[in-house]
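Pasting work-v4.cif here (mmCIF, C-alpha atoms):
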```cif
data_run
loop_
_atom_site.label_atom_id
_atom_site.label_comp_id
_atom_site.auth_asym_id
_atom_site.auth_seq_id
_atom_site.Cartn_x
_atom_site.Cartn_y
_atom_site.Cartn_z
CA MET A 265 5.43 -24.64 27.15
CA THR A 266 7.54 -26.16 24.38
CA GLU A 267 9.89 -23.67 22.80
CA LYS A 268 9.71 -23.40 19.04
CA PRO A 269 12.89 -24.39 17.21
CA THR A 270 15.13 -21.59 16.04
CA ARG A 271 18.08 -21.12 13.73
CA THR A 272 20.87 -18.58 13.65
CA GLU A 273 21.72 -16.54 10.56
CA LYS A 274 24.38 -13.96 10.01
CA ASP A 275 24.40 -10.81 7.91
CA SER A 276 26.67 -7.75 7.67
CA MET A 277 25.50 -6.54 11.09
CA GLY A 278 26.02 -9.81 12.94
CA GLU A 279 24.12 -12.87 14.03
CA MET A 280 20.34 -13.05 14.48
CA THR A 281 18.20 -15.82 15.98
CA LEU A 282 14.90 -16.40 14.20
CA PRO A 283 12.24 -19.14 13.87
CA ALA A 284 13.62 -22.22 12.14
CA SER A 285 10.72 -22.41 9.67
CA ALA A 286 10.79 -18.73 8.67
CA LEU A 287 11.85 -18.11 5.09
CA HIS A 288 12.90 -14.54 5.83
CA GLY A 289 16.45 -14.05 7.05
CA ALA A 290 18.51 -12.10 9.55
CA SER A 291 18.08 -8.65 7.97
CA THR A 292 14.30 -8.98 7.78
CA HIS A 293 14.04 -10.26 11.34
CA ARG A 294 16.15 -7.36 12.58
CA ALA A 295 13.73 -4.97 10.85
CA VAL A 296 10.77 -6.75 12.49
CA LEU A 297 12.35 -6.01 15.88
CA ASN A 298 13.31 -2.44 14.93
CA PHE A 299 9.93 -1.35 13.54
CA PRO A 300 7.05 -2.69 15.69
CA VAL A 301 5.05 0.41 14.76
CA SER A 302 1.50 -0.32 13.65
CA GLY A 303 0.93 -4.01 13.06
CA TYR A 304 -0.16 -3.24 9.48
CA ARG A 305 1.52 -5.48 6.94
CA PHE A 306 1.92 -5.07 3.21
CA SER A 307 -1.08 -5.86 1.03
CA ARG A 308 -1.45 -8.86 -1.26
CA PRO A 309 -1.25 -6.74 -4.46
CA PHE A 310 2.01 -5.14 -3.31
CA ILE A 311 3.66 -8.46 -2.37
CA ARG A 312 2.48 -9.86 -5.71
CA ALA A 313 4.18 -6.94 -7.48
CA LEU A 314 7.43 -7.62 -5.60
CA GLY A 315 7.28 -11.22 -6.76
CA LEU A 316 6.68 -10.11 -10.33
CA ILE A 317 9.76 -7.88 -10.27
CA LYS A 318 11.98 -10.66 -8.92
CA TRP A 319 10.47 -13.09 -11.46
CA ALA A 320 11.14 -10.71 -14.33
CA ALA A 321 14.68 -9.90 -13.13
CA ALA A 322 15.66 -13.56 -12.93
CA GLN A 323 14.49 -14.19 -16.48
CA ALA A 324 16.03 -11.00 -17.83
CA ASN A 325 19.40 -11.68 -16.20
CA HIS A 326 19.32 -15.19 -17.64
CA ASP A 327 18.49 -13.79 -21.09
CA LEU A 328 21.58 -11.57 -20.78
CA GLY A 329 23.83 -14.45 -19.76
CA LEU A 330 24.34 -13.11 -16.23
CA LEU A 331 22.46 -15.86 -14.39
CA ASP A 332 22.85 -19.55 -15.16
CA ALA A 333 19.84 -21.70 -16.05
CA GLU A 334 19.69 -23.59 -12.74
CA ARG A 335 19.70 -20.50 -10.53
CA SER A 336 17.31 -18.67 -12.84
CA ALA A 337 14.82 -21.56 -12.80
CA LEU A 338 14.90 -21.79 -9.01
CA ILE A 339 14.37 -18.04 -8.57
CA VAL A 340 11.57 -17.99 -11.15
CA GLN A 341 9.77 -20.86 -9.39
CA ALA A 342 10.12 -19.28 -5.94
CA ALA A 343 9.10 -15.84 -7.24
CA GLU A 344 6.00 -17.34 -8.85
CA GLU A 345 5.00 -18.66 -5.42
CA VAL A 346 5.34 -15.12 -4.08
CA VAL A 347 3.19 -13.85 -6.96
CA GLU A 348 0.52 -16.46 -6.22
CA GLY A 349 0.39 -15.62 -2.50
CA LYS A 350 1.77 -18.93 -1.26
CA LEU A 351 4.51 -17.27 0.80
CA ASP A 352 2.64 -14.27 2.25
CA ASP A 353 3.15 -15.48 5.82
CA HIS A 354 6.88 -14.92 5.39
CA PHE A 355 6.45 -11.17 4.81
CA PRO A 356 6.05 -9.98 8.43
CA LEU A 357 7.29 -6.40 8.15
CA ASP A 358 5.34 -3.36 9.28
CA ILE A 359 4.46 -0.91 6.51
CA PHE A 360 6.09 1.88 8.57
CA GLN A 361 9.84 1.36 8.25
CA THR A 362 12.89 2.80 6.50
CA GLY A 363 11.95 5.40 3.91
CA SER A 364 13.13 3.58 0.80
CA GLY A 365 11.60 0.22 1.76
CA THR A 366 15.02 -1.43 1.95
CA SER A 367 13.81 -3.90 4.57
CA THR A 368 10.92 -5.02 2.38
CA ASN A 369 13.10 -5.48 -0.71
CA THR A 370 15.49 -7.50 1.47
CA ASN A 371 12.53 -9.48 2.81
CA ALA A 372 11.59 -10.52 -0.73
CA ASN A 373 15.20 -11.40 -1.59
CA GLU A 374 15.63 -13.55 1.53
CA VAL A 375 12.30 -15.35 1.18
CA ILE A 376 12.97 -16.23 -2.46
CA ALA A 377 16.58 -17.32 -1.76
CA ASN A 378 15.51 -19.54 1.15
CA ARG A 379 12.66 -21.01 -0.86
CA CYS A 380 15.21 -21.76 -3.61
CA ALA A 381 17.28 -23.62 -1.00
CA GLN A 382 14.24 -25.70 -0.06
CA LEU A 383 13.45 -26.47 -3.70
CA ALA A 384 17.05 -27.59 -4.22
CA GLY A 385 16.93 -29.84 -1.15
CA LYS A 386 19.19 -27.59 0.93
CA PRO A 387 18.51 -26.30 4.47
CA ILE A 388 16.88 -22.91 4.96
CA GLY A 389 19.61 -20.30 5.27
CA SER A 390 21.91 -22.06 2.82
CA ARG A 391 23.50 -19.68 0.30
CA GLU A 392 25.17 -22.47 -1.65
CA LEU A 393 23.05 -22.05 -4.80
CA VAL A 394 21.12 -18.79 -4.54
CA HIS A 395 22.23 -15.70 -2.62
CA PRO A 396 19.53 -13.12 -1.78
CA ASN A 397 21.62 -10.14 -2.86
CA ASP A 398 23.98 -11.51 -5.50
CA HIS A 399 21.35 -13.46 -7.43
CA VAL A 400 17.76 -12.56 -6.46
CA ASN A 401 18.55 -8.84 -6.28
CA MET A 402 20.91 -8.80 -9.27
CA GLY A 403 20.80 -5.44 -11.07
CA GLN A 404 18.28 -4.00 -8.61
CA SER A 405 18.02 -1.75 -5.55
CA SER A 406 15.28 -0.98 -3.07
CA ASN A 407 15.27 2.52 -4.60
CA ASP A 408 14.00 1.25 -7.94
CA VAL A 409 12.21 -1.93 -6.83
CA ILE A 410 9.87 -0.40 -4.22
CA PRO A 411 8.58 2.55 -6.33
CA SER A 412 8.11 0.14 -9.23
CA ALA A 413 6.20 -2.32 -7.03
CA ILE A 414 3.90 0.51 -5.96
CA HIS A 415 3.22 1.43 -9.60
CA ILE A 416 2.71 -2.18 -10.71
CA SER A 417 0.35 -3.06 -7.87
CA ALA A 418 -1.71 0.12 -8.34
CA ALA A 419 -1.92 -0.35 -12.12
CA GLU A 420 -2.96 -3.98 -11.77
CA GLN A 421 -5.63 -3.17 -9.21
CA LEU A 422 -7.04 -0.43 -11.44
CA LYS A 423 -7.06 -2.74 -14.46
CA THR A 424 -8.36 -5.95 -12.89
CA CYS A 425 -10.55 -4.69 -10.04
CA LEU A 426 -11.68 -1.06 -10.22
CA ILE A 427 -12.29 -0.62 -13.96
CA PRO A 428 -14.33 -3.86 -14.36
CA ALA A 429 -16.38 -2.90 -11.30
CA LEU A 430 -17.03 0.57 -12.74
CA GLU A 431 -18.07 -0.94 -16.07
CA LYS A 432 -20.56 -3.19 -14.29
CA LEU A 433 -21.92 -0.30 -12.21
CA HIS A 434 -22.22 1.94 -15.27
CA THR A 435 -24.22 -0.74 -17.11
CA ALA A 436 -26.59 -1.14 -14.15
CA LEU A 437 -27.15 2.60 -13.70
CA ALA A 438 -27.67 3.15 -17.43
CA ALA A 439 -30.28 0.39 -17.43
CA LYS A 440 -32.08 2.02 -14.50
CA ALA A 441 -31.99 5.38 -16.30
CA LYS A 442 -34.01 3.83 -19.15
CA GLU A 443 -36.29 1.95 -16.78
CA PHE A 444 -37.07 5.09 -14.76
CA TRP A 445 -37.37 7.47 -17.74
CA ASN A 446 -41.16 7.87 -17.56
CA ILE A 447 -41.23 8.48 -13.82
CA MET A 448 -41.63 12.18 -13.01
CA LYS A 449 -40.70 13.64 -9.64
CA ILE A 450 -40.04 16.95 -7.98
CA GLY A 451 -36.43 18.09 -8.35
CA ARG A 452 -34.55 19.31 -5.31
CA THR A 453 -32.01 22.12 -4.93
CA HIS A 454 -30.75 23.49 -1.62
CA LEU A 455 -32.75 20.62 -0.08
CA MET A 456 -35.92 22.36 -1.27
CA ASP A 457 -38.54 21.44 -3.87
CA ALA A 458 -37.72 22.77 -7.33
CA THR A 459 -39.03 22.01 -10.84
CA PRO A 460 -40.05 18.56 -12.14
CA VAL A 461 -37.41 16.15 -13.38
CA ARG A 462 -37.39 12.62 -14.70
CA LEU A 463 -36.02 10.00 -12.32
CA GLY A 464 -34.31 8.50 -15.35
CA GLN A 465 -32.45 11.78 -15.90
CA GLU A 466 -31.04 11.61 -12.40
CA PHE A 467 -29.84 8.05 -12.91
CA SER A 468 -28.31 8.97 -16.25
CA GLY A 469 -26.28 11.57 -14.34
CA TYR A 470 -25.12 8.89 -11.91
CA ALA A 471 -24.14 6.68 -14.84
CA GLN A 472 -22.14 9.50 -16.40
CA GLN A 473 -20.26 10.10 -13.15
CA VAL A 474 -19.19 6.45 -13.22
CA ALA A 475 -18.12 6.81 -16.87
CA TYR A 476 -15.94 9.79 -15.90
CA ALA A 477 -14.46 7.75 -13.04
CA LYS A 478 -13.56 4.96 -15.46
CA GLU A 479 -11.82 7.46 -17.76
CA ARG A 480 -9.80 8.82 -14.82
CA ALA A 481 -8.81 5.28 -13.78
CA GLN A 482 -7.62 4.49 -17.30
CA LYS A 483 -5.58 7.69 -17.40
CA SER A 484 -4.08 6.77 -14.05
CA ILE A 485 -2.81 3.50 -15.52
CA GLU A 486 -1.08 5.51 -18.22
CA ALA A 487 0.76 7.52 -15.55
CA LEU A 488 1.65 4.38 -13.59
CA ARG A 489 3.17 2.60 -16.58
CA GLU A 490 6.42 4.52 -16.03
CA LEU A 491 8.73 2.41 -13.85
CA ALA A 492 12.00 3.26 -12.14
CA LEU A 493 13.45 -0.21 -12.79
CA GLY A 494 17.06 0.00 -13.92
CA GLY A 495 17.85 3.10 -11.89
CA THR A 496 19.35 0.98 -9.07
CA ALA A 497 20.60 2.94 -6.06
CA VAL A 498 20.59 6.57 -7.20
CA GLY A 499 19.10 6.42 -10.69
CA THR A 500 22.37 6.04 -12.60
CA GLY A 501 21.97 2.34 -13.36
CA LEU A 502 25.17 1.38 -11.55
CA ASN A 503 25.92 -2.39 -11.37
CA ARG A 504 23.32 -3.59 -13.83
CA HIS A 505 23.43 -4.58 -17.49
CA VAL A 506 22.55 -1.79 -19.91
CA ASP A 507 19.73 -3.86 -21.43
CA LEU A 508 18.26 -5.16 -18.15
CA PRO A 509 15.38 -2.65 -17.77
CA GLU A 510 14.05 -3.24 -21.29
CA LYS A 511 14.07 -7.01 -20.89
CA MET A 512 12.47 -6.85 -17.43
CA LEU A 513 9.71 -4.60 -18.73
CA ARG A 514 8.88 -7.00 -21.56
CA HIS A 515 8.61 -9.91 -19.11
CA LEU A 516 6.37 -7.81 -16.86
CA GLU A 517 4.12 -6.94 -19.79
CA GLN A 518 3.88 -10.62 -20.66
CA HIS A 519 2.58 -11.40 -17.15
CA THR A 520 0.37 -8.35 -16.52
CA GLY A 521 -0.79 -7.27 -19.97
CA ILE A 522 0.33 -3.71 -19.12
CA ALA A 523 2.98 -2.10 -21.35
CA PHE A 524 5.28 -0.62 -18.70
CA TYR A 525 8.11 1.60 -19.88
CA GLU A 526 11.40 2.83 -18.47
CA ALA A 527 11.37 6.12 -16.56
CA LEU A 528 12.43 8.99 -18.76
CA ALA A 529 14.70 10.52 -16.11
CA ARG A 530 16.08 7.67 -14.03
CA GLU A 531 18.31 9.94 -11.97
CA ARG A 532 15.10 11.24 -10.38
CA SER A 533 12.77 8.28 -10.82
CA PRO A 534 13.37 6.59 -7.44
CA MET A 535 12.00 9.75 -5.83
CA ARG A 536 9.25 10.25 -8.40
CA ASN A 537 6.35 8.81 -6.50
CA TRP A 538 4.35 11.93 -7.33
CA ARG A 539 2.98 9.70 -10.10
CA ASN A 540 1.27 7.54 -7.51
CA PRO A 541 -1.29 10.15 -6.42
CA ALA A 542 -2.77 9.92 -9.92
CA SER A 543 -4.44 6.62 -9.04
CA GLY A 544 -5.38 7.97 -5.61
CA ASP A 545 -7.03 11.01 -7.17
CA ALA A 546 -9.08 8.81 -9.50
CA THR A 547 -10.37 6.59 -6.70
CA TRP A 548 -10.87 9.56 -4.34
CA GLN A 549 -12.95 11.42 -6.92
CA PHE A 550 -15.09 8.38 -7.62
CA HIS A 551 -15.47 7.68 -3.91
CA HIS A 552 -16.88 11.12 -3.26
CA ALA A 553 -19.04 11.10 -6.38
CA GLY A 554 -20.35 7.66 -5.45
CA GLN A 555 -20.81 8.60 -1.82
CA GLY A 556 -23.23 11.30 -2.87
CA LYS A 557 -25.52 9.01 -4.88
CA PRO A 558 -27.33 7.31 -1.96
CA GLY A 559 -27.56 10.68 -0.23
CA ASN A 560 -29.00 12.29 -3.36
CA VAL A 561 -31.66 9.61 -3.64
CA ARG A 562 -32.48 10.05 0.04
CA ILE A 563 -32.58 13.83 -0.23
CA SER A 564 -34.82 13.73 -3.26
CA ASP A 565 -37.49 11.95 -1.23
CA ASP A 566 -36.91 13.46 2.19
CA GLY A 567 -37.70 16.65 4.03
CA LEU A 568 -39.88 19.31 2.40
CA ARG A 569 -42.83 18.70 0.10
CA THR A 570 -44.62 21.21 -2.09
CA SER A 571 -47.38 21.36 0.53
CA ASP A 572 -45.05 21.48 3.51
CA ARG A 573 -42.82 24.56 3.51
CA GLN A 574 -42.69 25.25 7.22
CA ARG A 575 -40.25 22.56 8.33
CA HIS A 576 -36.73 23.62 9.26
CA HIS A 577 -35.10 20.24 9.95
CA HIS A 578 -33.90 17.81 7.29
CA TYR A 579 -32.53 14.43 8.25
CA LEU A 580 -30.39 12.86 5.55
CA GLY A 581 -29.52 9.21 5.68
CA ARG A 582 -29.71 7.81 9.23
CA GLY A 583 -29.28 11.21 10.79
CA GLN A 584 -25.74 11.71 9.54
CA TRP A 585 -26.41 15.23 8.29
CA LYS A 586 -28.81 17.73 9.76
CA LEU A 587 -29.49 21.19 8.41
CA ARG A 588 -31.18 24.03 10.23
CA ALA A 589 -31.87 27.08 8.14
CA GLN A 590 -33.56 30.01 9.80
CA ARG A 591 -32.99 32.55 7.05
CA TYR A 592 -34.33 32.34 3.54
CA ASP A 593 -33.42 33.83 0.15
CA ALA A 594 -35.66 34.17 -2.87
CA GLY A 595 -35.33 31.60 -5.64
CA ASP A 596 -34.24 32.55 -9.15
CA GLY A 597 -35.50 32.07 -12.69
CA ALA A 598 -38.09 29.33 -13.08
CA GLN A 599 -38.05 28.78 -9.33
CA SER A 600 -38.59 32.40 -8.28
CA PRO A 601 -41.66 31.69 -6.06
CA ARG A 602 -39.53 29.35 -3.97
CA VAL A 603 -37.41 30.31 -0.98
CA ASP A 604 -34.02 28.76 -0.29
CA PRO A 605 -32.39 28.25 3.11
CA ALA A 606 -29.45 30.65 3.39
CA ALA A 607 -26.26 29.87 5.24
CA GLY A 608 -26.46 33.21 6.97
CA LYS A 609 -25.70 34.39 10.46
CA ARG A 610 -28.26 32.17 12.10
CA GLY A 611 -28.07 29.23 9.68
CA ARG A 612 -26.21 26.23 11.09
CA CYS A 613 -25.09 22.97 9.50
CA PHE A 614 -24.26 19.99 11.68
CA LEU A 615 -22.25 16.87 10.81
#
```

Could you render the structure from this file as structure tokens?
Amino acid sequence: MTEKPTRTEKDSMGEMTLPASALHGASTHRAVLNFPVSGYRFSRPFIRALGLIKWAAAQANHDLGLLDAERSALIVQAAEEVVEGKLDDHFPLDIFQTGSGTSTNTNANEVIANRCAQLAGKPIGSRELVHPNDHVNMGQSSNDVIPSAIHISAAEQLKTCLIPALEKLHTALAAKAKEFWNIMKIGRTHLMDATPVRLGQEFSGYAQQVAYAKERAQKSIEALRELALGGTAVGTGLNRHVDLPEKMLRHLEQHTGIAFYEALARERSPMRNWRNPASGDATWQFHHAGQGKPGNVRISDDGLRTSDRQRHHHYLGRGQWKLRAQRYDAGDGAQSPRVDPAAGKRGRCFL
């Protein structure tokens, strides 16, 4: 077996041998060896967001006179390749690693610096023109880059993927609500026959659930617009230009169409990922609302009929849920002649 060519790089912890063609450097490769935890790698939206941050930082630092035109142009070009997904193979790190994501921020810095060397006709590993920390990471830290990348990737996915999909689904369900308006059926509560209802009314309810989900997704974007960029290591903004965050945010808005803004309390912002669950809550709520729709349709045409009130077993959707009710309670109001299965001492529900 022919051995693949390697190269040797050196960082603050010593030398490291890694594949000759790899754009990541010694620090990243050391993290690959230190954290072989799950095999799960970072997603395309997250790597894209990292590229966007490095792209915006290079332009902002050039605007401020901190980065010369040649270095800035090289970093911008390499970062754009990260944004476009052309360099994804050079991001090998496991998602389970150091808590602040330092290894992943370093991974992005090394890949972009080494790609800059290639673009300039220099060998991989050359730091002659672009250094991963001094230039690519100028005015940044893993403690503000990684939380910001999480926010940017989540906001972009909500804007470009989830919300358009919800709009399309809402339109389809609303159309079905009109189409099915004149169809009457028996309503179901407690898995039992109830009073008549229009099928169109049920679908209008589904459509409204999707509309609510869209509103929650839009509100989540509002929460995610706050970025920790500029906080650097501990939120104080040490070692970066006072105007860097504002300029970075304007470049990010230019590329994403999302008006990100600087965190109101930067001394806490690197640890403020409590904002992130906002997008998770929106998708979780829609997932569970949407998950019920096929089941509701199945339930509404399954199990008991008005002429069949003796059955005790109800199979819902490929046998996933099964209800046995051996005790009954009287119905209420307009449904008072009906009996409902009670979750009493002998009632059992299986998953």

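Residues matched by the PyMOL selection byres ((chain A and resi 435) around 12) in this structure: Pro428, Ala429, Leu430, Glu431, Lys432, Leu433, His434, Ala436, Leu437, Ala438, Ala439, Lys440, Ala441, Lys442, Phe467, Ser468, Tyr470, Ala471, Gln472, Val474 and Ala475 of chain A.
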
Set the distance at 12 Å and use all atoms listed in the file: which residues neighbour A:Ser291 once local chain neighbours fewer than 2 positions away are removed? I'd like the list as a VMD selection string. chain A and resid 272 to 282 287 to 289 293 to 298 357 366 to 375 396 to 397

Kindly resolve the PyMOL selection byres ((chain A and resi 417) around 12) on the present coordinates and return the residues as a PDB file with C-alpha atoms, keeping the file's coordinate frame.
```pdb
ATOM      1  CA  PHE A 306       1.920  -5.070   3.210  1.00  0.00           C
ATOM      2  CA  SER A 307      -1.080  -5.860   1.030  1.00  0.00           C
ATOM      3  CA  ARG A 308      -1.450  -8.860  -1.260  1.00  0.00           C
ATOM      4  CA  PRO A 309      -1.250  -6.740  -4.460  1.00  0.00           C
ATOM      5  CA  PHE A 310       2.010  -5.140  -3.310  1.00  0.00           C
ATOM      6  CA  ILE A 311       3.660  -8.460  -2.370  1.00  0.00           C
ATOM      7  CA  ARG A 312       2.480  -9.860  -5.710  1.00  0.00           C
ATOM      8  CA  ALA A 313       4.180  -6.940  -7.480  1.00  0.00           C
ATOM      9  CA  LEU A 314       7.430  -7.620  -5.600  1.00  0.00           C
ATOM     10  CA  GLY A 315       7.280 -11.220  -6.760  1.00  0.00           C
ATOM     11  CA  LEU A 316       6.680 -10.110 -10.330  1.00  0.00           C
ATOM     12  CA  ILE A 317       9.760  -7.880 -10.270  1.00  0.00           C
ATOM     13  CA  VAL A 347       3.190 -13.850  -6.960  1.00  0.00           C
ATOM     14  CA  VAL A 409      12.210  -1.930  -6.830  1.00  0.00           C
ATOM     15  CA  ILE A 410       9.870  -0.400  -4.220  1.00  0.00           C
ATOM     16  CA  PRO A 411       8.580   2.550  -6.330  1.00  0.00           C
ATOM     17  CA  SER A 412       8.110   0.140  -9.230  1.00  0.00           C
ATOM     18  CA  ALA A 413       6.200  -2.320  -7.030  1.00  0.00           C
ATOM     19  CA  ILE A 414       3.900   0.510  -5.960  1.00  0.00           C
ATOM     20  CA  HIS A 415       3.220   1.430  -9.600  1.00  0.00           C
ATOM     21  CA  ILE A 416       2.710  -2.180 -10.710  1.00  0.00           C
ATOM     22  CA  ALA A 418      -1.710   0.120  -8.340  1.00  0.00           C
ATOM     23  CA  ALA A 419      -1.920  -0.350 -12.120  1.00  0.00           C
ATOM     24  CA  GLU A 420      -2.960  -3.980 -11.770  1.00  0.00           C
ATOM     25  CA  GLN A 421      -5.630  -3.170  -9.210  1.00  0.00           C
ATOM     26  CA  LEU A 422      -7.040  -0.430 -11.440  1.00  0.00           C
ATOM     27  CA  LYS A 423      -7.060  -2.740 -14.460  1.00  0.00           C
ATOM     28  CA  THR A 424      -8.360  -5.950 -12.890  1.00  0.00           C
ATOM     29  CA  CYS A 425     -10.550  -4.690 -10.040  1.00  0.00           C
ATOM     30  CA  ILE A 485      -2.810   3.500 -15.520  1.00  0.00           C
ATOM     31  CA  LEU A 488       1.650   4.380 -13.590  1.00  0.00           C
ATOM     32  CA  ARG A 489       3.170   2.600 -16.580  1.00  0.00           C
ATOM     33  CA  LEU A 491       8.730   2.410 -13.850  1.00  0.00           C
ATOM     34  CA  LEU A 516       6.370  -7.810 -16.860  1.00  0.00           C
ATOM     35  CA  THR A 520       0.370  -8.350 -16.520  1.00  0.00           C
ATOM     36  CA  ILE A 522       0.330  -3.710 -19.120  1.00  0.00           C
ATOM     37  CA  ASN A 540       1.270   7.540  -7.510  1.00  0.00           C
ATOM     38  CA  SER A 543      -4.440   6.620  -9.040  1.00  0.00           C
TER      39      SER A 543
END
```

In Å, rounded to a single decimal, give me how far atom CA of A:Arg452 is from atom CA of A:Gln465.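 We find that atom CA of A:Gln465 and atom CA of A:Arg452 lie 13.2 Å from each other.
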
To one decimal place in Å, what is the distance between atom CA of A:Asn407 and atom CA of A:Gln323? 20.5 Å

Is it possible to get the axis-aligned box enclosing stretch 371-389 of chain A (all listed atoms, 8 Å extra per side) as AutoDock Vina command-line options, with centre and edge lengths in Å rounded to one decimal?
```
--center_x 15.6 --center_y -19.7 --center_z 0.5 --size_x 24.0 --size_y 36.4 --size_z 25.5
```
